[in-house]
Amino acid sequence: MSRCNARFNYQAARFLTSAPTLAKCPPDAGAEVAFAGRSNAGKSSAINALTRQKALARTSKTPGRTQLINFFGLGEDSDHRLVDLPGYGYAKVPEQVKLEWQRHLSDYLRRRGSLRGLVLVMDVRHPLSEFDQTLLGWADEADMPVHILLTKADKLKSGAAKNALQQVRSRLREWEDLVSIQLFSALKKQGIEEVHARLDEWLLEAPAPADD
């Protein structure tokens with residue numbers, strides 16, 4: 001029986017575990033959706049807004065402090081998960097550490113069988129950084145669908161925000177079969193239902209059959 005109309009209780013999300021590398025992640029079973037983004041793009045705030053919790057994902061005034069892959073189960077269900085990936089690109093850390101983060105992110109996107117989709121968080125005022133485009137390239141190689149949140153939409157007037165949305169769509173036209181985009185504001189709770197619908201779609205998706 002189809003479960004396409006089912007909805008998860010995102011407000012019941014709970015912390016499961018943190019992992020420094022792909023090898024330390026929980027068993028690769030069930031379904032999960034990962035959140036990625038530049039360290040100051042508002043990723044943690046977006047996760048907290050989507051789960052209607054103030055501190056599920058840690059927010060910090062020091063970008064890049066989260067250096068672990070954090071897993072959250074949806075209520076008592078650990079077979080369906082949200083994943084907070086390490087922030088990238090902005091943190092004032094040694095270059096070697098940045099490269100190590102990138103390697104783990106790449107490994108996770110390419111090799112995690114339970115991953116159904118990626119939510120890529122970008123500040124609407126500074127979209128498509130070099131690291132954003134690198135991550136989109138990894139997703140493309142892995143044939144992984146991506147939903148982009150243009151966050152902090154409340155920082156722009158409505159017309160300017162819509163114009164920014166259109167510009168990003170135009171620049172990513174070659175990936176339109178893999179990428180969807182929306183405006184989002186954690187502060188104003190703008191766009192939450194749209195994200196929930198996409199998460200539902202991915203988390204309820206049957207896994208692809210294994211190759212022979």
# chains A, B, ... in the order shown; residues from 1 in each chain; ligands from 1

$ select_by_dssp --residues "chain A" --states "strand (DSSP E or B)" --output "ChimeraX atom specification"
/A:13-19,31-38,69-74,77-84,88,115-123,146-151,179-183,185,190

$ residues_around --residues "Gln53 of chain A" --least-positions-apart "6" --cutoff "12 Å" --atoms "only C-alpha atoms" --output "list in words"
Tyr10, Gln11, Ala12, Ala13, Arg14, Phe15, Ser44, Ser45, Ala46, Ile47, Thr59 and Ala186 of chain A

$ atom_distance --atom1 "atom CA of Ala161 of chain A" --atom2 "atom CA of Arg38 of chain A"
19.1 Å

$ closest_atom_pairs --of "segment 10-57 of chain A" --to "segment 130-137 of chain A" --cutoff "12 Å" --atoms "only C-alpha atoms" --output "tab-separated table"
residue	atom	partner	partner_atom	distance
A:Phe35	CA	A:Leu135	CA	11.5
A:Ala36	CA	A:Leu135	CA	8.7
A:Gly37	CA	A:Asp132	CA	7.1
A:Arg38	CA	A:Asp132	CA	7.4
A:Ser39	CA	A:Phe131	CA	10.6
A:Ala41	CA	A:Asp132	CA	10.8

$ write_last_selection --atoms "all heavy atoms" --output "PDB file, in the first residue's frame"
ATOM      1  N   PHE A  35      21.557  17.431   5.638  1.00  0.00           N
ATOM      2  CA  PHE A  35      21.593  18.882   5.485  1.00  0.00           C
ATOM      3  C   PHE A  35      23.048  19.314   5.413  1.00  0.00           C
ATOM      4  O   PHE A  35      23.854  18.953   6.272  1.00  0.00           O
ATOM      5  CB  PHE A  35      20.915  19.566   6.670  1.00  0.00           C
ATOM      6  CG  PHE A  35      19.413  19.422   6.695  1.00  0.00           C
ATOM      7  CD1 PHE A  35      18.816  18.205   7.002  1.00  0.00           C
ATOM      8  CD2 PHE A  35      18.604  20.514   6.415  1.00  0.00           C
ATOM      9  CE1 PHE A  35      17.440  18.069   7.021  1.00  0.00           C
ATOM     10  CE2 PHE A  35      17.219  20.389   6.445  1.00  0.00           C
ATOM     11  CZ  PHE A  35      16.634  19.161   6.736  1.00  0.00           C
ATOM     12  N   ALA A  36      23.381  20.084   4.400  1.00  0.00           N
ATOM     13  CA  ALA A  36      24.749  20.564   4.231  1.00  0.00           C
ATOM     14  C   ALA A  36      24.711  22.045   3.911  1.00  0.00           C
ATOM     15  O   ALA A  36      23.703  22.572   3.437  1.00  0.00           O
ATOM     16  CB  ALA A  36      25.460  19.801   3.106  1.00  0.00           C
ATOM     17  N   GLY A  37      25.831  22.732   4.167  1.00  0.00           N
ATOM     18  CA  GLY A  37      25.884  24.145   3.826  1.00  0.00           C
ATOM     19  C   GLY A  37      27.091  24.834   4.409  1.00  0.00           C
ATOM     20  O   GLY A  37      27.743  24.315   5.324  1.00  0.00           O
ATOM     21  N   ARG A  38      27.372  25.978   3.865  1.00  0.00           N
ATOM     22  CA  ARG A  38      28.448  26.821   4.358  1.00  0.00           C
ATOM     23  C   ARG A  38      28.199  27.140   5.831  1.00  0.00           C
ATOM     24  O   ARG A  38      27.056  27.276   6.266  1.00  0.00           O
ATOM     25  CB  ARG A  38      28.488  28.096   3.524  1.00  0.00           C
ATOM     26  CG  ARG A  38      29.742  28.918   3.639  1.00  0.00           C
ATOM     27  CD  ARG A  38      29.692  30.032   2.589  1.00  0.00           C
ATOM     28  NE  ARG A  38      30.773  30.997   2.764  1.00  0.00           N
ATOM     29  CZ  ARG A  38      31.977  30.879   2.220  1.00  0.00           C
ATOM     30  NH1 ARG A  38      32.238  29.827   1.452  1.00  0.00           N
ATOM     31  NH2 ARG A  38      32.903  31.791   2.415  1.00  0.00           N
ATOM     32  N   SER A  39      29.256  27.288   6.593  1.00  0.00           N
ATOM     33  CA  SER A  39      29.135  27.348   8.043  1.00  0.00           C
ATOM     34  C   SER A  39      28.273  28.497   8.560  1.00  0.00           C
ATOM     35  O   SER A  39      27.752  28.430   9.655  1.00  0.00           O
ATOM     36  CB  SER A  39      30.527  27.443   8.677  1.00  0.00           C
ATOM     37  OG  SER A  39      31.272  26.294   8.394  1.00  0.00           O
ATOM     38  N   ALA A  41      25.580  29.799   6.850  1.00  0.00           N
ATOM     39  CA  ALA A  41      24.406  29.904   5.982  1.00  0.00           C
ATOM     40  C   ALA A  41      23.083  29.710   6.726  1.00  0.00           C
ATOM     41  O   ALA A  41      22.014  29.898   6.151  1.00  0.00           O
ATOM     42  CB  ALA A  41      24.502  28.898   4.835  1.00  0.00           C
TER      43      ALA A  41
END

$ residues_around --residues "Asp107 of chain A" --least-positions-apart "4" --cutoff "10 Å" --atoms "only C-alpha atoms" --output "MDAnalysis selection string"
chainID A and resid 21:23 101:103 111:112 138

$ closest_residue --among "A:Ala142, A:Ser114, A:Leu149, A:Pro86" --to "Pro127 of chain A" --atoms "only C-alpha atoms"
A:Leu149

$ residues_around --residues "Leu165 of chain A" --least-positions-apart "4" --cutoff "9 Å" --atoms "only C-alpha atoms" --output "PyMOL selection string"
chain A and resi 124+150+160-161+169-170+181-183

$ write_last_selection --atoms "N, CA and C atoms" --output "PDB file, in the first residue's frame"
ATOM      1  N   VAL A 124      20.631  33.429   1.075  1.00  0.00           N
ATOM      2  CA  VAL A 124      20.062  33.985  -0.150  1.00  0.00           C
ATOM      3  C   VAL A 124      20.876  35.159  -0.686  1.00  0.00           C
ATOM      4  N   LEU A 150      17.276  28.657   0.145  1.00  0.00           N
ATOM      5  CA  LEU A 150      17.883  29.991   0.162  1.00  0.00           C
ATOM      6  C   LEU A 150      17.420  30.650   1.451  1.00  0.00           C
ATOM      7  N   ALA A 160      13.336  41.421  -4.081  1.00  0.00           N
ATOM      8  CA  ALA A 160      14.753  41.077  -4.170  1.00  0.00           C
ATOM      9  C   ALA A 160      14.972  39.592  -3.896  1.00  0.00           C
ATOM     10  N   ALA A 161      14.232  39.029  -2.939  1.00  0.00           N
ATOM     11  CA  ALA A 161      14.355  37.610  -2.625  1.00  0.00           C
ATOM     12  C   ALA A 161      13.903  36.760  -3.809  1.00  0.00           C
ATOM     13  N   ARG A 169      18.023  29.673  -9.902  1.00  0.00           N
ATOM     14  CA  ARG A 169      17.397  28.690 -10.797  1.00  0.00           C
ATOM     15  C   ARG A 169      18.001  28.755 -12.197  1.00  0.00           C
ATOM     16  N   SER A 170      18.234  29.968 -12.660  1.00  0.00           N
ATOM     17  CA  SER A 170      18.807  30.139 -13.987  1.00  0.00           C
ATOM     18  C   SER A 170      20.212  29.550 -14.065  1.00  0.00           C
ATOM     19  N   ILE A 181      14.596  24.249  -5.706  1.00  0.00           N
ATOM     20  CA  ILE A 181      15.046  25.428  -4.955  1.00  0.00           C
ATOM     21  C   ILE A 181      13.848  26.144  -4.356  1.00  0.00           C
ATOM     22  N   GLN A 182      14.017  26.706  -3.161  1.00  0.00           N
ATOM     23  CA  GLN A 182      12.973  27.518  -2.547  1.00  0.00           C
ATOM     24  C   GLN A 182      13.589  28.572  -1.643  1.00  0.00           C
ATOM     25  N   LEU A 183      12.796  29.594  -1.326  1.00  0.00           N
ATOM     26  CA  LEU A 183      13.168  30.575  -0.309  1.00  0.00           C
ATOM     27  C   LEU A 183      12.804  30.024   1.066  1.00  0.00           C
TER      28      LEU A 183
END
